[in-house]
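What's in coords.tsv: TSV, C-alpha atoms and all ligand atoms
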```
chain	number	residue	atom	x	y	z
A	1	MET	CA	116.27	85.04	118.18
A	2	ALA	CA	115.53	86.41	114.71
A	3	ASP	CA	118.30	88.45	113.01
A	4	GLU	CA	118.71	92.18	113.35
A	5	ILE	CA	117.42	94.23	110.42
A	6	ARG	CA	118.30	97.76	109.30
A	7	ILE	CA	115.61	100.18	108.22
A	8	SER	CA	116.23	103.66	106.82
A	9	GLU	CA	114.80	106.37	109.04
A	10	ASP	CA	112.35	107.66	106.44
A	11	ARG	CA	111.01	104.14	105.80
A	12	LEU	CA	110.75	103.49	109.53
A	13	ARG	CA	108.82	106.76	110.00
A	14	ALA	CA	106.50	105.75	107.16
A	15	ALA	CA	105.89	102.32	108.73
A	16	VAL	CA	105.12	103.84	112.16
A	17	ARG	CA	102.77	106.40	110.60
A	18	MET	CA	100.96	103.65	108.70
A	19	LEU	CA	100.58	101.53	111.84
A	20	PHE	CA	99.12	104.41	113.90
A	21	ALA	CA	96.89	105.43	110.99
A	22	SER	CA	95.46	101.89	111.03
A	23	ALA	CA	94.89	102.23	114.77
A	24	GLY	CA	92.99	105.48	114.16
A	25	SER	CA	95.48	108.32	114.83
A	26	ASN	CA	94.90	111.47	112.81
A	27	GLU	CA	97.67	112.71	110.53
A	28	ARG	CA	99.17	115.08	113.08
A	29	GLU	CA	99.38	112.38	115.74
A	30	GLN	CA	100.84	109.90	113.24
A	31	ARG	CA	103.63	112.41	112.52
A	32	LEU	CA	104.27	113.26	116.19
A	33	VAL	CA	104.48	109.63	117.31
A	34	ALA	CA	106.61	108.56	114.34
A	35	ASP	CA	109.00	111.50	114.82
A	36	HIS	CA	109.35	110.82	118.52
A	37	LEU	CA	109.86	107.06	118.34
A	38	VAL	CA	112.17	107.10	115.32
A	39	GLU	CA	114.21	109.97	116.83
A	40	ALA	CA	114.69	107.86	119.97
A	41	ASN	CA	116.06	105.03	117.81
A	42	LEU	CA	118.19	107.43	115.78
A	43	ARG	CA	119.71	108.80	118.98
A	44	GLY	CA	120.60	105.31	120.19
A	45	HIS	CA	117.82	104.96	122.78
A	46	ASP	CA	116.21	101.86	121.25
A	47	SER	CA	114.54	101.34	124.62
A	48	HIS	CA	112.25	104.28	123.84
A	49	GLY	CA	111.92	103.88	120.11
A	50	VAL	CA	109.69	101.75	117.91
A	51	GLY	CA	110.05	98.86	120.37
A	52	MET	CA	107.44	100.63	122.54
A	53	ILE	CA	104.77	100.22	119.84
A	54	PRO	CA	103.49	96.78	120.95
A	55	ALA	CA	102.89	98.09	124.50
A	56	TYR	CA	101.20	101.26	123.19
A	57	ILE	CA	98.90	99.32	120.87
A	58	ALA	CA	98.07	96.74	123.57
A	59	ASN	CA	97.18	99.54	125.98
A	60	PHE	CA	95.05	101.22	123.28
A	61	ALA	CA	93.24	97.92	122.65
A	62	ALA	CA	92.65	97.52	126.39
A	63	GLY	CA	91.04	100.98	126.46
A	64	GLU	CA	93.82	102.32	128.68
A	65	MET	CA	95.35	104.77	126.19
A	66	LYS	CA	93.44	107.14	123.92
A	67	LEU	CA	94.36	108.28	120.43
A	68	ASN	CA	93.82	111.84	119.12
A	69	ALA	CA	93.47	113.26	122.64
A	70	THR	CA	94.63	116.77	123.51
A	71	PRO	CA	95.65	117.97	126.98
A	72	THR	CA	93.08	119.83	129.08
A	73	VAL	CA	94.36	122.94	130.88
A	74	ALA	CA	93.19	122.31	134.45
A	75	VAL	CA	94.91	125.36	136.02
A	76	ASP	CA	96.44	128.47	134.45
A	77	THR	CA	97.81	131.14	136.76
A	78	GLY	CA	100.01	132.69	134.08
A	79	ALA	CA	103.24	131.50	135.69
A	80	LEU	CA	101.96	127.97	136.11
A	81	ILE	CA	100.05	125.68	133.78
A	82	VAL	CA	98.61	122.35	134.90
A	83	CYS	CA	97.71	120.04	132.01
A	84	ASP	CA	95.75	116.81	132.25
A	85	GLY	CA	96.60	114.32	129.55
A	86	GLY	CA	93.43	112.24	129.99
A	87	MET	CA	95.54	109.13	129.25
A	88	GLY	CA	96.12	110.24	125.68
A	89	LEU	CA	99.07	109.03	123.60
A	90	GLY	CA	102.02	110.62	125.41
A	91	GLN	CA	103.87	111.70	122.29
A	92	SER	CA	101.10	114.13	121.31
A	93	ILE	CA	99.99	115.02	124.88
A	94	ALA	CA	103.52	115.97	126.00
A	95	HIS	CA	104.22	117.78	122.72
A	96	ASP	CA	101.13	119.95	123.09
A	97	SER	CA	101.67	120.60	126.81
A	98	VAL	CA	105.31	121.56	126.31
A	99	ALA	CA	104.29	123.78	123.37
A	100	LEU	CA	101.98	125.69	125.75
A	101	ALA	CA	104.82	126.11	128.26
A	102	VAL	CA	107.18	127.27	125.50
A	103	GLU	CA	104.71	129.87	124.32
A	104	ARG	CA	104.17	131.11	127.89
A	105	ALA	CA	107.91	131.23	128.70
A	106	ARG	CA	108.55	133.25	125.54
A	107	ASP	CA	105.82	135.65	126.57
A	108	LYS	CA	106.41	135.89	130.34
A	109	GLY	CA	110.03	134.79	130.69
A	110	SER	CA	109.33	131.51	132.43
A	111	CYS	CA	106.69	128.87	132.94
A	112	ILE	CA	106.14	125.97	135.28
A	113	LEU	CA	104.31	123.09	133.63
A	114	SER	CA	102.75	120.31	135.63
A	115	LEU	CA	101.50	117.51	133.38
A	116	ARG	CA	99.43	114.68	134.84
A	117	ASN	CA	97.76	111.53	133.56
A	118	SER	CA	99.56	111.08	130.29
A	119	HIS	CA	100.29	107.74	128.72
A	120	HIS	CA	104.08	107.07	128.40
A	121	ILE	CA	105.85	110.21	127.11
A	122	GLY	CA	108.92	108.37	125.81
A	123	ARG	CA	112.40	109.88	125.67
A	124	ILE	CA	112.32	112.91	127.96
A	125	GLY	CA	115.24	114.56	126.14
A	126	HIS	CA	112.81	115.05	123.25
A	127	TRP	CA	110.94	117.61	125.40
A	128	SER	CA	114.16	119.38	126.37
A	129	GLU	CA	115.00	119.55	122.67
A	130	GLN	CA	111.59	121.07	121.92
A	131	CYS	CA	112.31	123.84	124.47
A	132	ALA	CA	115.94	124.29	123.37
A	133	ALA	CA	114.82	124.66	119.73
A	134	ALA	CA	112.81	127.68	120.94
A	135	GLY	CA	115.91	129.10	122.69
A	136	LEU	CA	114.72	128.10	126.17
A	137	VAL	CA	116.37	126.38	129.11
A	138	SER	CA	114.27	123.57	130.60
A	139	LEU	CA	114.20	121.06	133.44
A	140	HIS	CA	111.93	118.01	133.46
A	141	PHE	CA	111.25	115.57	136.31
A	142	VAL	CA	109.08	112.56	135.51
A	143	ASN	CA	107.49	109.76	137.53
A	144	VAL	CA	106.22	106.47	136.16
A	145	ILE	CA	103.18	104.56	137.38
A	146	SER	CA	103.43	101.03	136.09
A	147	ASP	CA	105.12	97.91	137.39
A	148	PRO	CA	107.45	99.20	140.12
A	149	ALA	CA	110.90	98.42	138.69
A	150	VAL	CA	113.52	100.02	140.94
A	151	ALA	CA	114.42	99.42	144.59
A	152	PRO	CA	115.07	102.39	146.89
A	153	PHE	CA	118.73	102.69	148.00
A	154	GLY	CA	119.08	100.14	150.78
A	155	GLY	CA	115.94	98.26	149.70
A	156	ARG	CA	115.76	94.99	147.77
A	157	ALA	CA	112.23	95.14	146.40
A	158	ALA	CA	110.96	97.24	143.49
A	159	ARG	CA	109.04	100.21	144.84
A	160	ILE	CA	109.45	103.02	142.29
A	161	GLY	CA	109.72	103.56	138.53
A	162	THR	CA	112.82	104.47	136.55
A	163	ASN	CA	111.83	108.15	137.02
A	164	PRO	CA	113.79	110.06	134.38
A	165	VAL	CA	115.23	113.57	134.56
A	166	SER	CA	116.15	115.79	131.63
A	167	ILE	CA	117.73	119.25	131.45
A	168	GLY	CA	118.17	121.15	128.19
A	169	VAL	CA	120.34	124.20	127.65
A	170	PRO	CA	120.38	125.95	124.25
A	171	ARG	CA	123.66	127.25	122.83
A	172	ARG	CA	124.34	129.97	120.29
A	173	GLY	CA	125.37	128.53	116.93
A	174	GLN	CA	125.84	125.07	118.45
A	175	GLU	CA	123.73	122.07	119.32
A	176	PRO	CA	122.11	122.23	122.79
A	177	VAL	CA	123.27	120.45	125.90
A	178	ILE	CA	120.73	117.68	126.60
A	179	VAL	CA	121.10	115.83	129.89
A	180	ASP	CA	118.59	112.98	129.86
A	181	PHE	CA	118.62	109.79	131.88
A	182	ALA	CA	116.64	107.38	134.02
A	183	THR	CA	117.42	107.41	137.75
A	184	SER	CA	117.87	103.62	137.65
A	185	LYS	CA	121.20	102.09	136.66
A	186	LEU	CA	119.54	101.03	133.37
A	187	ALA	CA	116.23	102.09	131.82
A	188	VAL	CA	113.67	99.21	131.82
A	189	GLY	CA	113.55	99.45	128.03
A	190	LYS	CA	117.29	98.76	127.87
A	191	VAL	CA	116.80	95.62	129.96
A	192	ARG	CA	113.97	94.69	127.54
A	193	VAL	CA	116.34	95.17	124.59
A	194	ALA	CA	118.87	92.83	126.30
A	195	TYR	CA	116.05	90.32	127.07
A	196	ASN	CA	114.87	90.36	123.43
A	197	LYS	CA	118.47	89.93	122.22
A	198	GLY	CA	119.17	87.14	124.73
A	199	ALA	CA	122.08	89.19	126.16
A	200	PRO	CA	123.10	89.59	129.84
A	201	VAL	CA	122.98	92.98	131.62
A	202	PRO	CA	126.13	94.36	133.28
A	203	ASP	CA	127.03	93.66	136.92
A	204	GLY	CA	125.44	95.75	139.64
A	205	VAL	CA	122.24	96.60	137.76
A	206	LEU	CA	119.70	93.95	138.78
A	207	LEU	CA	118.63	91.91	141.80
A	208	ASP	CA	116.59	88.73	141.42
A	209	ALA	CA	113.34	88.07	143.32
A	210	ALA	CA	115.35	86.87	146.33
A	211	GLY	CA	117.26	90.17	146.38
A	212	GLU	CA	120.46	88.62	145.03
A	213	PRO	CA	122.57	90.18	142.23
A	214	THR	CA	121.91	88.76	138.74
A	215	ASN	CA	122.89	89.50	135.13
A	216	ASP	CA	119.79	87.84	133.70
A	217	PRO	CA	117.38	90.40	132.20
A	218	ALA	CA	114.57	87.84	132.65
A	219	ALA	CA	114.57	88.93	136.32
A	220	LEU	CA	112.55	91.96	135.22
A	221	PHE	CA	110.16	90.23	132.78
A	222	GLU	CA	109.50	86.76	134.18
A	223	GLU	CA	107.91	85.72	137.48
A	224	PRO	CA	109.03	85.87	140.21
A	225	ARG	CA	110.29	89.38	139.39
A	226	GLY	CA	113.39	91.07	140.73
A	227	THR	CA	114.34	94.73	140.61
A	228	LEU	CA	116.65	97.32	139.11
A	229	LEU	CA	118.86	99.41	141.40
A	230	PRO	CA	119.04	103.23	141.46
A	231	PHE	CA	122.15	104.85	139.91
A	232	GLY	CA	124.57	106.62	142.24
A	233	ASP	CA	123.36	104.88	145.41
A	234	HIS	CA	121.65	107.35	147.79
A	235	LYS	CA	122.05	110.23	145.30
A	236	GLY	CA	120.14	108.55	142.48
A	237	TRP	CA	117.54	107.40	144.99
A	238	GLY	CA	117.17	111.03	146.16
A	239	LEU	CA	116.64	112.23	142.59
A	240	ALA	CA	114.14	109.41	141.89
A	241	LEU	CA	112.27	110.38	145.05
A	242	ALA	CA	112.22	114.05	143.97
A	243	CYS	CA	110.68	112.98	140.61
A	244	GLU	CA	108.02	110.99	142.43
A	245	LEU	CA	107.09	113.91	144.67
A	246	LEU	CA	107.33	116.73	142.10
A	247	ALA	CA	105.85	114.95	139.09
A	248	GLY	CA	103.54	112.49	140.86
A	249	ALA	CA	102.31	114.07	144.10
A	250	LEU	CA	102.35	117.77	143.17
A	251	SER	CA	100.65	117.33	139.77
A	252	GLY	CA	97.76	115.30	141.19
A	253	GLY	CA	98.65	112.43	138.83
A	254	GLY	CA	99.67	110.34	141.84
A	255	THR	CA	102.62	108.46	143.22
A	256	GLN	CA	103.41	104.78	142.80
A	257	HIS	CA	102.46	103.25	146.14
A	258	HIS	CA	101.10	99.84	145.24
A	259	PRO	CA	101.76	97.02	142.75
A	260	LYS	CA	100.66	97.59	139.14
A	261	ARG	CA	96.87	97.92	138.92
A	262	ARG	CA	96.42	98.75	135.27
A	263	GLN	CA	98.10	97.94	132.01
A	264	ALA	CA	98.83	101.56	131.01
A	265	ILE	CA	102.24	103.15	131.58
A	266	VAL	CA	101.35	106.48	133.19
A	267	ASN	CA	103.80	109.39	133.17
A	268	ASN	CA	103.48	112.66	135.07
A	269	MET	CA	105.99	115.46	134.47
A	270	PHE	CA	107.05	118.59	136.37
A	271	SER	CA	108.85	121.03	134.06
A	272	VAL	CA	110.42	124.45	134.46
A	273	VAL	CA	110.99	126.44	131.26
A	274	VAL	CA	113.07	129.63	131.35
A	275	SER	CA	114.02	132.25	128.76
A	276	PRO	CA	117.65	133.42	129.04
A	277	ASP	CA	116.47	136.74	127.50
A	278	ALA	CA	114.17	137.29	130.46
A	279	VAL	CA	116.95	136.56	132.94
A	280	GLY	CA	118.83	139.38	131.19
A	281	THR	CA	122.12	137.50	130.84
A	282	THR	CA	121.96	136.55	127.18
A	283	GLU	CA	125.14	138.49	126.40
A	284	THR	CA	127.14	136.50	128.92
A	285	PHE	CA	125.10	133.28	129.08
A	286	PHE	CA	126.21	131.81	125.75
A	287	PRO	CA	129.91	132.80	125.97
A	288	GLN	CA	130.02	131.46	129.54
A	289	ILE	CA	128.67	128.10	128.36
A	290	ASP	CA	131.24	127.94	125.56
A	291	ALA	CA	134.09	128.90	127.90
A	292	PHE	CA	133.08	126.27	130.45
A	293	ILE	CA	132.76	123.51	127.86
A	294	ALA	CA	136.14	124.34	126.33
A	295	TRP	CA	137.69	124.28	129.81
A	296	ALA	CA	135.97	121.01	130.74
A	297	ARG	CA	137.38	119.41	127.61
A	298	THR	CA	140.96	120.59	128.25
A	299	PRO	CA	143.00	117.39	128.48
A	300	LEU	CA	145.68	116.49	130.92
A	301	PRO	CA	148.84	117.37	128.94
A	302	GLY	CA	149.92	114.41	126.83
A	303	ARG	CA	146.59	112.62	127.21
A	304	ASP	CA	143.58	112.46	124.91
A	305	ALA	CA	140.47	114.34	125.98
A	306	PRO	CA	137.58	111.89	125.85
A	307	VAL	CA	135.25	114.44	127.48
A	308	LEU	CA	131.81	114.45	125.91
A	309	ILE	CA	129.02	116.90	126.62
A	310	ALA	CA	125.53	115.52	127.29
A	311	GLY	CA	123.65	115.27	124.01
A	312	GLU	CA	126.78	114.59	121.93
A	313	PRO	CA	126.74	110.77	122.15
A	314	GLU	CA	123.16	110.79	120.83
A	315	ARG	CA	124.07	113.08	117.92
A	316	ARG	CA	127.00	110.82	116.97
A	317	VAL	CA	124.77	107.75	116.90
A	318	ARG	CA	122.17	109.74	114.97
A	319	ALA	CA	124.66	110.57	112.22
A	320	GLU	CA	125.66	106.89	111.94
A	321	ARG	CA	122.07	105.66	111.86
A	322	ILE	CA	120.98	108.23	109.29
A	323	ARG	CA	123.80	106.85	107.14
A	324	ASP	CA	123.48	103.11	107.87
A	325	GLY	CA	119.83	102.73	108.85
A	326	VAL	CA	118.22	102.03	112.21
A	327	PRO	CA	118.96	98.57	113.65
A	328	VAL	CA	115.87	96.75	114.93
A	329	ASP	CA	116.30	93.31	116.48
A	330	GLY	CA	114.20	90.56	114.91
A	331	THR	CA	112.18	89.84	118.06
A	332	THR	CA	111.16	93.48	118.35
A	333	TRP	CA	110.25	93.66	114.66
A	334	ASP	CA	108.13	90.50	115.01
A	335	GLN	CA	106.32	92.06	117.97
A	336	ILE	CA	105.67	95.24	115.97
A	337	GLY	CA	104.30	93.12	113.11
A	338	ALA	CA	101.97	91.33	115.54
A	339	ALA	CA	100.81	94.70	116.94
A	340	ALA	CA	100.13	95.91	113.38
A	341	GLU	CA	97.92	92.88	112.72
A	342	THR	CA	95.81	93.66	115.79
A	343	VAL	CA	94.89	97.03	114.25
A	344	GLY	CA	94.16	95.53	110.84
A	345	LEU	CA	97.48	96.24	109.12
A	346	ALA	CA	98.92	93.20	107.35
A	347	ARG	CA	102.55	92.35	108.14
A	348	ALA	CA	103.34	92.27	104.43
A	349	THR	CA	102.10	95.86	104.03
A	350	LEU	CA	104.15	96.97	107.03
A	351	GLN	CA	107.21	95.20	105.61
A	352	GLN	CA	106.67	97.00	102.33
A	353	ALA	CA	106.36	100.41	104.04
A	354	ALA	CA	109.61	99.68	105.90
A	355	GLY	CA	111.33	98.81	102.62
A	356	LEU	CA	111.83	95.18	103.69
A	357	ALA	CA	109.59	93.43	101.16
B	1	LIG	P1	121.81	106.88	129.47
B	1	LIG	O1	122.31	106.10	130.63
B	1	LIG	O2	122.16	106.41	128.10
B	1	LIG	O3	122.32	108.38	129.66
B	1	LIG	C1	122.04	109.32	128.65
B	1	LIG	C2	122.56	110.67	129.05
B	1	LIG	O4	123.96	110.61	129.36
B	1	LIG	C3	122.43	111.63	127.89
B	1	LIG	O5	122.25	112.94	128.37
B	1	LIG	C4	123.77	111.45	127.18
B	1	LIG	O6	124.08	112.52	126.33
B	1	LIG	C5	124.69	111.36	128.37
B	1	LIG	N1	125.93	110.63	128.10
B	1	LIG	C6	126.05	109.34	127.67
B	1	LIG	N2	127.34	109.01	127.56
B	1	LIG	C7	128.07	110.09	127.94
B	1	LIG	C8	129.48	110.36	128.04
B	1	LIG	N3	130.41	109.46	127.75
B	1	LIG	N4	129.86	111.59	128.45
B	1	LIG	C9	128.92	112.54	128.76
B	1	LIG	N5	127.59	112.34	128.68
B	1	LIG	C10	127.17	111.13	128.28
B	1	LIG	O7	120.22	107.05	129.54
B	1	LIG	P2	119.16	106.06	130.20
B	1	LIG	O8	119.17	106.19	131.67
B	1	LIG	O9	119.37	104.70	129.64
B	1	LIG	O10	117.80	106.64	129.63
B	1	LIG	C11	117.43	106.35	128.29
B	1	LIG	C12	116.20	107.08	127.90
B	1	LIG	O11	115.10	106.54	128.60
B	1	LIG	C13	116.19	108.57	128.21
B	1	LIG	O12	115.85	109.24	127.02
B	1	LIG	C14	115.07	108.73	129.24
B	1	LIG	O13	114.36	109.96	129.13
B	1	LIG	C15	114.18	107.57	128.89
B	1	LIG	N6	113.31	107.15	129.99
B	1	LIG	C16	111.97	107.40	129.90
B	1	LIG	C17	111.11	106.95	130.89
B	1	LIG	C18	109.64	107.21	130.84
B	1	LIG	O14	108.91	106.73	131.70
B	1	LIG	N7	109.14	107.94	129.86
B	1	LIG	C19	111.62	106.25	132.00
B	1	LIG	C20	112.99	106.03	132.05
B	1	LIG	C21	113.84	106.46	131.05
```

How does this structure look as structure tokens?
Ligand code: NAD
Amino acid sequence: MADEIRISEDRLRAAVRMLFASAGSNEREQRLVADHLVEANLRGHDSHGVGMIPAYIANFAAGEMKLNATPTVAVDTGALIVCDGGMGLGQSIAHDSVALAVERARDKGSCILSLRNSHHIGRIGHWSEQCAAAGLVSLHFVNVISDPAVAPFGGRAARIGTNPVSIGVPRRGQEPVIVDFATSKLAVGKVRVAYNKGAPVPDGVLLDAAGEPTNDPAALFEEPRGTLLPFGDHKGWGLALACELLAGALSGGGTQHHPKRRQAIVNNMFSVVVSPDAVGTTETFFPQIDAFIAWARTPLPGRDAPVLIAGEPERRVRAERIRDGVPVDGTTWDQIGAAAETVGLARATLQQAAGLA
């Protein structure tokens, strides 16, 4: 495997913008996709960062993902907005759909957003952060239509995606709480990172094609394929199922009920966005959050308190990576270079944009 490289976040953003400009994205889309992917890397979720570019560009080339698309509002009842992404680039489709829900929740106090037929919308916490930045609480349930990658609890064959959930809660004068995770024991992208690095995955995460436990990430990327397991046994499976039904069935985007039929990674999302002002508890809401978090962190006397609040680990990694640069493994960087060439951008130019030449 090629060596890991470090790229400063501004150089990495510039390289991503250049690559999507070569593919045909307008300036706004270049900025949205670069911000989203580089933020995922900065926050330690390399699985959803620039390593997704080769898949995005391949799906664009195959005509299964569109650039410069905007969501169509299919239904608008005031309290509920249904957006159709038309298989546009998820980073701009989800941004624009969530922006509509934010505007509506500010105006009416709350909004339910049902987004269907978007290409991969990346790190779901990004959408919670967009709502939290506007002072809004939000819940997001997502299903994935792609290669089934996760077995139901009790099953041994992949039947469902890694269906992520995110919940964002703004705080006064403090960074928001951002709960954001896949309902599988590991996100597929994290298994891909291990595969590209030639590293094993932890115990209890993967089954091979025969349904036996394995630590080899190849089980997810080489035939015959195995499966990931849901986190938290029946509880994670229940949450994954809820994502499938809320985001997939209710939106009209569809559930995963067959092997992969197309190259695209389709995401559907069911979101609820709420204004604490409209609930009328703003005066107590923020102090109650602070009081709870202080209490949750209170250590057993004489012991350290290693209690972290969701969103904090990502901000710690972010600070380190802003300082030291974003690590990108050599295999992933090679794949990004190959993707750049397919849209007419020379590797040398990409290297230069990334500050590596
Ligand atoms: P993860 O297992 O790293 O969990 C992350 C969550 O746990 C965050 O909220 C984080 O703040 C919190 N956390 C981590 N360590 C903690 C600690 N010690 N104490 C308290 N909280 C802690 O996440 P994951 O399951 O690997 O998911 C990675 C990313 O993949 C997410 O951003 C998710 O949205 C994304 N994803 C996207 C898709 C898609 O189809 N678009 C599918 C699956 C996952």

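Among the candidates A:Met65, A:Asp208, A:Glu103, A:His119, the one nearest to Gly135 of chain A when counting only C-alpha atoms is A:Glu103.
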
Tell me, as a list of chain:residue names, which residues lie within 12 Å of Thr331 of chain A, counting only C-alpha atoms; anything in the same chain fewer than 6 positions away does not count. A:Met1, A:Ala2, A:Asp3, A:Glu4, A:Ile5, A:Gly51, A:Pro54, A:Arg192, A:Val193, A:Ala194, A:Tyr195, A:Asn196, A:Lys197, A:Gly198, A:Gly337, A:Ala338

Now that the selection is made, can you save its residues with C-alpha atoms as a PDB file, keeping the file's coordinate frame?
```pdb
ATOM      1  CA  MET A   1     116.270  85.040 118.180  1.00  0.00           C
ATOM      2  CA  ALA A   2     115.530  86.410 114.710  1.00  0.00           C
ATOM      3  CA  ASP A   3     118.300  88.450 113.010  1.00  0.00           C
ATOM      4  CA  GLU A   4     118.710  92.180 113.350  1.00  0.00           C
ATOM      5  CA  ILE A   5     117.420  94.230 110.420  1.00  0.00           C
ATOM      6  CA  GLY A  51     110.050  98.860 120.370  1.00  0.00           C
ATOM      7  CA  PRO A  54     103.490  96.780 120.950  1.00  0.00           C
ATOM      8  CA  ARG A 192     113.970  94.690 127.540  1.00  0.00           C
ATOM      9  CA  VAL A 193     116.340  95.170 124.590  1.00  0.00           C
ATOM     10  CA  ALA A 194     118.870  92.830 126.300  1.00  0.00           C
ATOM     11  CA  TYR A 195     116.050  90.320 127.070  1.00  0.00           C
ATOM     12  CA  ASN A 196     114.870  90.360 123.430  1.00  0.00           C
ATOM     13  CA  LYS A 197     118.470  89.930 122.220  1.00  0.00           C
ATOM     14  CA  GLY A 198     119.170  87.140 124.730  1.00  0.00           C
ATOM     15  CA  GLY A 337     104.300  93.120 113.110  1.00  0.00           C
ATOM     16  CA  ALA A 338     101.970  91.330 115.540  1.00  0.00           C
TER      17      ALA A 338
END
```

When you look at Pro213 of chain A with a cut-off of 8 Å (counting only C-alpha atoms), what residues show up, excluding the ones that are within fewer than 3 positions of it in the same chain? I need them as a ChimeraX atom specification. /A:203-208

Ligand LIG 1 (chain B): axis-aligned bounding box, 8 Å on each side, centre and edge lengths in Å, one decimal, as JSON:
```
{"center_x": 119.7, "center_y": 108.8, "center_z": 129.2, "size_x": 37.5, "size_y": 24.2, "size_z": 21.7}
```

Which residues are near segment 266-271 of chain A? Cut-off 7 Å, all atoms listed in the file, ignore same chain within fewer than 4 positions. Put them as a ChimeraX atom specification. /A:112-121,138-146,246-248,253

Those selected residues, please, written with C-alpha atoms and delivered as an mmCIF file, in the frame of the given file.
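The resulting file, out_26.cif, is shown below:
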```cif
data_model
loop_
_atom_site.group_PDB
_atom_site.id
_atom_site.type_symbol
_atom_site.label_atom_id
_atom_site.label_comp_id
_atom_site.auth_asym_id
_atom_site.auth_seq_id
_atom_site.Cartn_x
_atom_site.Cartn_y
_atom_site.Cartn_z
ATOM 1 C CA ILE A 112 106.140 125.970 135.280
ATOM 2 C CA LEU A 113 104.310 123.090 133.630
ATOM 3 C CA SER A 114 102.750 120.310 135.630
ATOM 4 C CA LEU A 115 101.500 117.510 133.380
ATOM 5 C CA ARG A 116 99.430 114.680 134.840
ATOM 6 C CA ASN A 117 97.760 111.530 133.560
ATOM 7 C CA SER A 118 99.560 111.080 130.290
ATOM 8 C CA HIS A 119 100.290 107.740 128.720
ATOM 9 C CA HIS A 120 104.080 107.070 128.400
ATOM 10 C CA ILE A 121 105.850 110.210 127.110
ATOM 11 C CA SER A 138 114.270 123.570 130.600
ATOM 12 C CA LEU A 139 114.200 121.060 133.440
ATOM 13 C CA HIS A 140 111.930 118.010 133.460
ATOM 14 C CA PHE A 141 111.250 115.570 136.310
ATOM 15 C CA VAL A 142 109.080 112.560 135.510
ATOM 16 C CA ASN A 143 107.490 109.760 137.530
ATOM 17 C CA VAL A 144 106.220 106.470 136.160
ATOM 18 C CA ILE A 145 103.180 104.560 137.380
ATOM 19 C CA SER A 146 103.430 101.030 136.090
ATOM 20 C CA LEU A 246 107.330 116.730 142.100
ATOM 21 C CA ALA A 247 105.850 114.950 139.090
ATOM 22 C CA GLY A 248 103.540 112.490 140.860
ATOM 23 C CA GLY A 253 98.650 112.430 138.830
#
```

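Put simply, atom CA of Arg13 of chain A is 10.1 Å away from atom CA of Leu32 of chain A.
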
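Each of A:Glu27, A:Glu341, A:Glu314, A:Asp324 was compared to ligand LIG 1 (chain B) using all atoms listed in the file, and A:Glu314 turns out to be the nearest.
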
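Proximity ranking of A:Pro313, A:Pro148, A:Gly254, A:Gly236 relative to ligand LIG 1 (chain B) places A:Pro313 first, based on only C-alpha atoms and all ligand atoms.
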
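Distance annotation: of A:Glu212, A:Glu175, A:Glu64, A:Glu29, the residue with the minimal separation from Ala310 of chain A is A:Glu175; atom set is only C-alpha atoms.
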
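Contact shell of segment 79-84 of chain A at 9 Å (all atoms listed in the file; same-chain neighbours under 2 positions omitted): Thr70, Pro71, Thr72, Val73, Ala74, Val75, Asp76, Thr77, Gly86, Met87, Ile93, Ser97, Leu100, Ala101, Arg104, Ala105, Lys108, Ser110, Cys111, Ile112, Leu113, Ser114, Leu115, Arg116, Asn117, Ser118, Ser251 and Gly253 of chain A.
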
Distance criterion (all atoms listed in the file): nearest to ligand LIG 1 (chain B) out of A:Trp333, A:Trp295, A:Phe181, A:Phe285: A:Phe181
